[in-house]
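my_file.txt (compact mmCIF, C-alpha atoms) appears below.
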# COMPACT_ATOMS: atom_id res chain seq x y z
CA MET Z 93 -127.81 60.99 12.00
CA LYS Z 94 -129.02 63.88 14.11
CA VAL Z 95 -130.72 63.35 17.44
CA GLY Z 96 -132.37 66.38 19.02
CA VAL Z 97 -132.32 66.82 22.79
CA VAL Z 98 -134.90 69.28 24.12
CA THR Z 99 -133.95 71.63 26.95
CA PHE Z 100 -136.86 72.96 28.97
CA PRO Z 101 -136.36 75.43 31.81
CA GLY Z 102 -135.44 73.04 34.63
CA SER Z 103 -134.11 70.18 32.48
CA LEU Z 104 -131.09 68.57 34.15
CA ASP Z 105 -129.91 65.67 32.03
CA ASP Z 106 -129.92 67.28 28.60
CA VAL Z 107 -126.12 67.48 28.44
CA ASP Z 108 -125.71 63.85 29.53
CA ALA Z 109 -128.26 62.82 26.90
CA GLN Z 110 -126.32 64.76 24.25
CA ARG Z 111 -123.14 63.04 25.39
CA ALA Z 112 -124.78 59.61 25.15
CA VAL Z 113 -125.92 60.42 21.62
CA ARG Z 114 -122.36 61.41 20.69
CA LEU Z 115 -120.89 58.23 22.22
CA ALA Z 116 -123.40 56.18 20.24
CA GLY Z 117 -122.07 57.74 17.07
CA ALA Z 118 -124.72 60.31 16.19
CA GLU Z 119 -124.75 64.08 16.20
CA PRO Z 120 -126.65 65.64 19.11
CA VAL Z 121 -128.65 68.76 18.30
CA ALA Z 122 -129.75 71.07 21.10
CA LEU Z 123 -133.43 71.99 20.87
CA TRP Z 124 -134.98 74.73 23.03
CA HIS Z 125 -138.45 74.55 24.53
CA GLY Z 126 -139.44 77.70 22.64
CA ASP Z 127 -138.38 76.36 19.23
CA HIS Z 128 -141.02 76.07 16.53
CA ALA Z 129 -139.01 73.68 14.36
CA LEU Z 130 -136.99 70.51 14.96
CA LYS Z 131 -133.90 71.54 12.96
CA SER Z 132 -133.94 68.51 10.63
CA VAL Z 133 -133.30 65.99 13.40
CA ASP Z 134 -134.03 62.29 12.83
CA ALA Z 135 -135.09 61.54 16.41
CA VAL Z 136 -135.82 63.43 19.64
CA ILE Z 137 -134.97 62.84 23.29
CA LEU Z 138 -136.89 64.53 26.11
CA PRO Z 139 -134.39 64.43 28.98
CA GLY Z 140 -134.78 64.13 32.73
CA GLY Z 141 -135.03 66.97 35.19
CA PHE Z 142 -137.74 69.20 36.60
CA SER Z 143 -139.19 71.09 33.65
CA TYR Z 144 -140.91 74.27 34.78
CA GLY Z 145 -140.08 73.34 38.36
CA ASP Z 146 -142.56 70.43 38.24
CA TYR Z 147 -145.23 73.08 38.89
CA LEU Z 148 -148.86 71.93 38.58
CA ARG Z 149 -147.88 68.32 37.75
CA CYS Z 150 -144.62 66.88 36.44
CA GLY Z 151 -144.58 67.52 32.69
CA ALA Z 152 -147.94 69.31 32.63
CA ILE Z 153 -146.58 72.69 31.56
CA ALA Z 154 -143.82 71.32 29.32
CA ARG Z 155 -146.55 69.60 27.33
CA PHE Z 156 -147.69 73.00 26.10
CA ALA Z 157 -144.21 74.30 25.21
CA PRO Z 158 -143.99 75.40 21.56
CA VAL Z 159 -141.48 72.67 20.69
CA MET Z 160 -143.86 69.98 21.91
CA ARG Z 161 -146.34 70.70 19.14
CA GLU Z 162 -143.56 69.79 16.70
CA VAL Z 163 -142.51 66.76 18.73
CA VAL Z 164 -146.08 65.41 18.95
CA ASP Z 165 -146.59 65.86 15.20
CA ALA Z 166 -143.27 64.20 14.41
CA ALA Z 167 -143.97 61.31 16.83
CA ASN Z 168 -147.36 60.74 15.24
CA GLY Z 169 -145.56 60.65 11.90
CA GLY Z 170 -143.25 57.89 13.14
CA MET Z 171 -140.17 59.79 14.33
CA PRO Z 172 -138.42 58.01 17.22
CA VAL Z 173 -138.97 59.88 20.49
CA LEU Z 174 -137.49 58.82 23.83
CA GLY Z 175 -138.63 60.38 27.10
CA ILE Z 176 -136.45 59.70 30.11
CA CYS Z 177 -137.77 60.34 33.63
CA ASN Z 178 -139.27 63.85 33.35
CA GLY Z 179 -139.38 63.19 29.60
CA PHE Z 180 -141.55 60.11 30.29
CA GLN Z 181 -143.85 62.28 32.40
CA ILE Z 182 -144.08 64.79 29.52
CA LEU Z 183 -144.93 62.00 27.03
CA CYS Z 184 -147.77 60.83 29.28
CA GLU Z 185 -149.08 64.37 29.78
CA SER Z 186 -148.91 64.82 25.99
CA HIS Z 187 -150.99 61.64 25.49
CA LEU Z 188 -148.26 60.14 23.31
CA LEU Z 189 -148.17 57.39 25.95
CA PRO Z 190 -150.98 56.18 28.22
CA GLY Z 191 -151.03 56.35 32.01
CA ALA Z 192 -149.43 58.81 34.38
CA LEU Z 193 -146.60 59.05 36.89
CA ILE Z 194 -147.35 59.92 40.49
CA ARG Z 195 -145.34 60.45 43.68
CA ASN Z 196 -143.40 57.40 44.85
CA ASP Z 197 -145.55 55.28 47.16
CA HIS Z 198 -142.95 55.50 49.94
CA ARG Z 199 -142.83 59.31 49.55
CA LYS Z 200 -139.02 59.52 49.37
CA PHE Z 201 -136.80 60.50 46.48
CA VAL Z 202 -134.88 57.43 45.38
CA CYS Z 203 -131.46 57.45 43.72
CA ARG Z 204 -129.72 54.15 43.08
CA ASP Z 205 -128.46 51.70 40.48
CA GLN Z 206 -131.52 49.76 39.37
CA ARG Z 207 -131.77 46.33 37.79
CA LEU Z 208 -134.28 46.11 34.92
CA ARG Z 209 -135.45 43.51 32.47
CA ILE Z 210 -135.95 44.53 28.86
CA ASP Z 211 -139.31 43.00 27.89
CA ASN Z 212 -139.69 44.53 24.43
CA ALA Z 213 -136.56 44.57 22.27
CA ALA Z 214 -138.42 45.57 19.12
CA THR Z 215 -138.87 49.31 19.70
CA ALA Z 216 -136.86 52.04 17.99
CA TRP Z 217 -134.96 52.53 21.24
CA THR Z 218 -134.43 48.93 22.41
CA ASN Z 219 -133.65 46.89 19.28
CA GLY Z 220 -130.01 46.64 20.41
CA TYR Z 221 -131.08 44.42 23.32
CA GLU Z 222 -132.50 40.92 23.39
CA ALA Z 223 -135.87 40.46 25.07
CA GLY Z 224 -135.16 39.23 28.58
CA ASP Z 225 -131.83 41.05 28.90
CA GLU Z 226 -131.15 42.25 32.43
CA ILE Z 227 -129.44 45.61 32.72
CA VAL Z 228 -128.38 47.96 35.53
CA ILE Z 229 -128.75 51.71 35.05
CA PRO Z 230 -129.25 54.61 37.48
CA LEU Z 231 -132.72 55.51 38.71
CA LYS Z 232 -133.48 58.83 40.41
CA ASN Z 233 -137.01 60.07 40.91
CA GLY Z 234 -139.50 61.41 43.38
CA GLU Z 235 -142.54 60.94 41.17
CA GLY Z 236 -141.87 57.73 39.28
CA GLY Z 237 -144.89 55.63 40.18
CA PHE Z 238 -146.47 54.48 36.92
CA VAL Z 239 -150.25 54.22 37.17
CA ALA Z 240 -153.02 53.44 34.69
CA ASP Z 241 -156.39 51.75 34.93
CA GLU Z 242 -156.56 47.95 34.79
CA LEU Z 243 -157.85 47.97 31.23
CA THR Z 244 -154.89 50.04 30.03
CA LEU Z 245 -152.41 47.89 31.96
CA ASP Z 246 -153.88 44.72 30.44
CA LEU Z 247 -153.74 46.29 26.99
CA LEU Z 248 -150.09 47.34 27.44
CA GLU Z 249 -149.12 43.85 28.57
CA GLY Z 250 -151.27 42.12 25.97
CA GLU Z 251 -149.71 44.08 23.15
CA GLY Z 252 -146.17 43.67 24.48
CA ARG Z 253 -145.86 47.39 25.06
CA VAL Z 254 -144.12 47.12 28.41
CA VAL Z 255 -140.55 47.95 27.41
CA ALA Z 256 -138.82 47.40 30.74
CA ARG Z 257 -139.70 46.21 34.22
CA TYR Z 258 -138.08 46.70 37.61
CA LEU Z 259 -136.37 43.63 39.02
CA GLU Z 260 -135.76 42.94 42.71
CA ASP Z 261 -137.30 45.90 44.60
CA ASN Z 262 -139.95 48.01 42.92
CA PRO Z 263 -138.44 51.45 43.66
CA ASN Z 264 -141.50 53.67 43.40
CA GLY Z 265 -144.75 51.73 43.53
CA SER Z 266 -145.14 51.47 39.76
CA MET Z 267 -148.04 49.20 38.85
CA ARG Z 268 -146.95 45.77 37.59
CA ASP Z 269 -143.31 46.82 38.09
CA ILE Z 270 -143.43 48.89 34.90
CA ALA Z 271 -140.31 50.99 34.28
CA GLY Z 272 -140.98 51.89 30.64
CA ILE Z 273 -143.62 51.58 27.93
CA THR Z 274 -144.00 52.23 24.22
CA ASN Z 275 -146.77 53.31 21.86
CA GLU Z 276 -148.44 50.96 19.38
CA ARG Z 277 -145.98 51.78 16.66
CA GLY Z 278 -142.90 51.31 18.85
CA ASN Z 279 -141.32 54.65 17.94
CA VAL Z 280 -142.20 56.46 21.18
CA VAL Z 281 -140.68 55.10 24.40
CA GLY Z 282 -140.94 56.45 27.94
CA LEU Z 283 -138.54 55.18 30.59
CA MET Z 284 -138.23 56.24 34.23
CA PRO Z 285 -134.59 55.13 34.88
CA HIS Z 286 -131.67 56.86 33.14
CA PRO Z 287 -129.79 54.99 30.39
CA GLU Z 288 -127.85 58.18 29.55
CA HIS Z 289 -126.04 57.88 32.90
CA ALA Z 290 -124.74 54.40 32.01
CA VAL Z 291 -122.83 54.85 28.77
CA GLU Z 292 -119.20 54.92 29.95
CA ASP Z 293 -117.19 52.70 32.26
CA LEU Z 294 -115.60 55.70 33.93
CA CYS Z 295 -118.76 56.79 35.70
CA GLY Z 296 -122.03 55.10 36.55
CA PRO Z 297 -122.71 51.40 36.93
CA GLY Z 298 -121.41 50.44 33.46
CA THR Z 299 -122.49 50.80 29.87
CA ASP Z 300 -125.81 48.96 29.96
CA GLY Z 301 -127.63 52.13 28.89
CA LEU Z 302 -125.73 52.68 25.65
CA PRO Z 303 -127.89 50.37 23.48
CA PHE Z 304 -130.83 52.77 23.88
CA PHE Z 305 -128.85 55.31 21.89
CA THR Z 306 -127.36 52.90 19.34
CA SER Z 307 -130.75 51.21 18.83
CA VAL Z 308 -132.29 54.37 17.43
CA LEU Z 309 -129.50 54.62 14.85
CA ASN Z 310 -130.26 51.04 13.75
CA ALA Z 311 -133.95 51.92 13.57
CA LEU Z 312 -133.21 54.99 11.44
CA VAL Z 313 -130.93 53.08 9.08
CA ALA Z 314 -133.50 50.28 8.78
CA GLY Z 315 -136.35 52.77 8.34
CA MET T 272 -165.91 89.83 37.51
CA ALA T 273 -166.73 86.50 39.02
CA ARG T 274 -164.66 83.89 40.70
CA VAL T 275 -164.73 80.41 39.29
CA VAL T 276 -163.23 77.75 41.52
CA VAL T 277 -161.78 74.56 40.13
CA ASP T 278 -161.14 71.83 42.68
CA VAL T 279 -158.85 69.02 41.61
CA MET T 280 -158.58 65.81 43.64
CA PRO T 281 -156.70 62.57 43.10
CA LYS T 282 -159.13 59.86 41.97
CA PRO T 283 -160.26 57.65 44.87
CA GLU T 284 -158.48 54.60 43.47
CA ILE T 285 -155.18 56.48 43.01
CA LEU T 286 -152.72 56.35 45.88
CA ASP T 287 -152.27 59.77 47.48
CA PRO T 288 -148.88 59.74 49.23
CA GLN T 289 -149.16 63.42 50.21
CA GLY T 290 -152.50 62.89 51.92
CA LYS T 291 -151.02 59.90 53.73
CA ALA T 292 -148.07 62.00 54.92
CA VAL T 293 -150.44 64.69 56.27
CA HIS T 294 -152.56 62.03 57.94
CA GLY T 295 -149.46 60.62 59.59
CA ALA T 296 -148.57 64.08 60.89
CA LEU T 297 -152.05 64.52 62.39
CA ASP T 298 -151.57 61.39 64.45
CA ARG T 299 -148.16 62.54 65.65
CA LEU T 300 -149.58 65.93 66.66
CA GLY T 301 -152.30 64.29 68.67
CA PHE T 302 -155.25 65.21 66.42
CA GLY T 303 -157.36 62.09 66.76
CA GLY T 304 -160.51 61.01 65.04
CA VAL T 305 -159.44 61.70 61.46
CA ALA T 306 -159.95 58.55 59.43
CA ASP T 307 -158.29 59.67 56.22
CA VAL T 308 -156.77 62.69 54.47
CA ARG T 309 -156.58 63.30 50.75
CA GLN T 310 -154.80 66.29 49.30
CA GLY T 311 -155.89 68.11 46.18
CA LYS T 312 -155.54 71.50 44.54
CA ARG T 313 -157.81 74.52 44.37
CA PHE T 314 -157.62 77.02 41.52
CA GLU T 315 -159.36 80.39 41.71
CA LEU T 316 -160.01 81.97 38.34
CA GLU T 317 -161.04 85.62 38.32
CA VAL T 318 -163.07 85.69 35.17
CA GLU T 319 -163.83 88.90 33.30
CA GLY T 320 -167.32 89.58 32.08
CA GLU T 321 -170.39 87.49 32.66
CA ILE T 322 -170.31 83.81 33.42
CA THR T 323 -172.31 82.18 30.67
CA GLU T 324 -172.77 78.51 29.88
CA GLU T 325 -170.25 78.90 27.03
CA ARG T 326 -167.72 80.47 29.37
CA LEU T 327 -168.19 77.65 31.88
CA ALA T 328 -167.78 75.08 29.11
CA GLU T 329 -164.46 76.71 28.18
CA ILE T 330 -163.34 76.60 31.79
CA ARG T 331 -164.28 72.92 32.00
CA THR T 332 -162.11 72.28 28.95
CA LEU T 333 -159.29 74.20 30.62
CA ALA T 334 -159.75 72.15 33.79
CA GLU T 335 -159.67 68.93 31.80
CA THR T 336 -156.61 69.75 29.67
CA LEU T 337 -154.32 71.76 31.93
CA LEU T 338 -155.49 72.05 35.53
CA SER T 339 -156.11 68.33 35.97
CA ASN T 340 -154.90 65.09 34.45
CA PRO T 341 -158.03 62.94 33.94
CA VAL T 342 -155.94 59.77 34.18
CA ILE T 343 -155.29 60.37 37.88
CA GLU T 344 -157.50 63.28 38.95
CA ASP T 345 -161.14 64.39 39.09
CA PHE T 346 -162.17 68.03 38.97
CA ALA T 347 -165.20 70.10 39.88
CA VAL T 348 -166.00 73.58 38.57
CA ARG T 349 -168.22 76.06 40.42
CA VAL T 350 -168.93 79.74 40.37
CA GLU T 351 -168.13 80.97 43.82
CA GLU T 352 -169.36 84.51 44.14
CA PRO T 353 -170.30 87.38 41.92
CA VAL T 354 -167.82 90.14 42.76
CA ALA T 355 -169.40 93.61 42.60
CA ASP T 356 -167.52 95.22 39.77
CA GLU T 357 -169.07 98.64 39.84
CA GLY T 358 -168.66 100.97 42.73
CA LEU T 359 -165.37 99.48 43.84
CA GLY T 360 -162.69 102.00 44.56
CA ALA T 361 -165.18 104.76 45.14
Would you mind giving the structure from this file in structure tokens?
Amino acid sequence: MKVGVVTFPGSLDDVDAQRAVRLAGAEPVALWHGDHALKSVDAVILPGGFSYGDYLRCGAIARFAPVMREVVDAANGGMPVLGICNGFQILCESHLLPGALIRNDHRKFVCRDQRLRIDNAATAWTNGYEAGDEIVIPLKNGEGGFVADELTLDLLEGEGRVVARYLEDNPNGSMRDIAGITNERGNVVGLMPHPEHAVEDLCGPGTDGLPFFTSVLNALVAG
Amino acid sequence: MARVVVDVMPKPEILDPQGKAVHGALDRLGFGGVADVRQGKRFELEVEGEITEERLAEIRTLAETLLSNPVIEDFAVRVEEPVADEGLGA
């Protein structure tokens, strides 16, 4: 199994995402923002960071990178795509996911271990969890406030498309404590916290993030 | 040449933490009487040729797809001033 990890100018967590893919038992494939092909990968991760310096809006310029045309087509065709942090912002700007992410309501960058509840354990990226599982993974963002209109929020909740919610303190003002969502098909997932930083006991708060990367392998085998 | 200005503002119902931070600074600096501050963006496009309805429609599409995110922002497009093209540099 090959999982592509896109590097945009300003991506930070691409190497950690590649490492998480390797620890999960798949082969990471480096993709460049200027690529016009996905190099036969089976899934794609858009990693965290500050693509294009977060100029204009987070993810707004990355959306128009050549590789994103391929990623959007592949996602619409059912390929699993995970956007973490900046990757989540890019997925929203690309309209693969609804809503948007705005500056944290308290205006400060936040970096801490965050407790989450997995609400949807049926997506390509969360089938290794049980619905209701509580996990702790790092969170680090300045613009992580998930917003959408009431209609969209009701739709997301009604269709079970909220993948994860913040427990205890809401770290960034996200509406309805939403930390991650999925598309109707369940192959595209956006998540603000960082599962790729919680895949080894040596560093980070544990290995609670690893199932994101093993789940996609299950999904690919099943698919 | 003409200048087309695109103003982008956070939608009224969307929290604007930057505007709030500026508002807080006004109070600290002793500027009273300002009830609220909202911060947006202004883009100035120097457009070649004549500004036609088709050209403006293109710019509106540009404003909608790249310059603003309609989920969280509103935009307004206006032609600011016709810049005298001929005779410059004489």
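Near chain T, the residues of chain Z that fall inside 9 Å (using all atoms listed in the file) are Leu148, Arg149, Ala152, Ile153, Phe156, Glu185, Pro190, Gly191, Ala192, Leu193, Ile194, Arg195, Asn196, Asp197, His198, Arg199, Val239, Ala240 and Asp241 of chain Z.
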Q) If we count all atoms listed in the file, what is near T:Val348 at a cut-off of 12 Å, once residues fewer than 3 positions away on the same chain are taken out, given as a PyMOL selection string? A) chain T and resi 274-280+313-316+326-335+338-339+345+351
Quick one: write out the picked residues with C-alpha atoms as a CSV table (one decimal), in the frame of the given file?
chain,number,residue,atom,x,y,z
T,274,ARG,CA,-164.7,83.9,40.7
T,275,VAL,CA,-164.7,80.4,39.3
T,276,VAL,CA,-163.2,77.8,41.5
T,277,VAL,CA,-161.8,74.6,40.1
T,278,ASP,CA,-161.1,71.8,42.7
T,279,VAL,CA,-158.8,69.0,41.6
T,280,MET,CA,-158.6,65.8,43.6
T,313,ARG,CA,-157.8,74.5,44.4
T,314,PHE,CA,-157.6,77.0,41.5
T,315,GLU,CA,-159.4,80.4,41.7
T,316,LEU,CA,-160.0,82.0,38.3
T,326,ARG,CA,-167.7,80.5,29.4
T,327,LEU,CA,-168.2,77.6,31.9
T,328,ALA,CA,-167.8,75.1,29.1
T,329,GLU,CA,-164.5,76.7,28.2
T,330,ILE,CA,-163.3,76.6,31.8
T,331,ARG,CA,-164.3,72.9,32.0
T,332,THR,CA,-162.1,72.3,29.0
T,333,LEU,CA,-159.3,74.2,30.6
T,334,ALA,CA,-159.8,72.2,33.8
T,335,GLU,CA,-159.7,68.9,31.8
T,338,LEU,CA,-155.5,72.0,35.5
T,339,SER,CA,-156.1,68.3,36.0
T,345,ASP,CA,-161.1,64.4,39.1
T,351,GLU,CA,-168.1,81.0,43.8
Q.
Please compute the atom CA of T:Lys282-atom CA of T:Val308 distance, one decimal, in Å.
A. 13.0 Å
Q: Could you give me, as a PyMOL selection string, the residues within 10 Å of Z:Asn168, counting all atoms listed in the file and dropping anything in the same chain fewer than 6 positions from it?
A: chain Z and resi 162+188+275+277+279-280
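The spacing separating atom CA of Z:Thr99 from atom CA of Z:Phe304 amounts to 19.4 Å.
Between atom CA of T:Ile322 and atom CA of T:Phe346 the separation is 18.6 Å.
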Neighbouring residues of Z:Ala116 were defined as those with any atom within 8 Å, considering all atoms listed in the file; residues of the same chain fewer than 5 positions away were excluded. Please report them as a PDB file with C-alpha atoms, in the coordinates of the input.
ATOM      1  CA  LEU Z 302    -125.730  52.680  25.650  1.00  0.00           C
ATOM      2  CA  PHE Z 305    -128.850  55.310  21.890  1.00  0.00           C
ATOM      3  CA  THR Z 306    -127.360  52.900  19.340  1.00  0.00           C
TER       4      THR Z 306
END
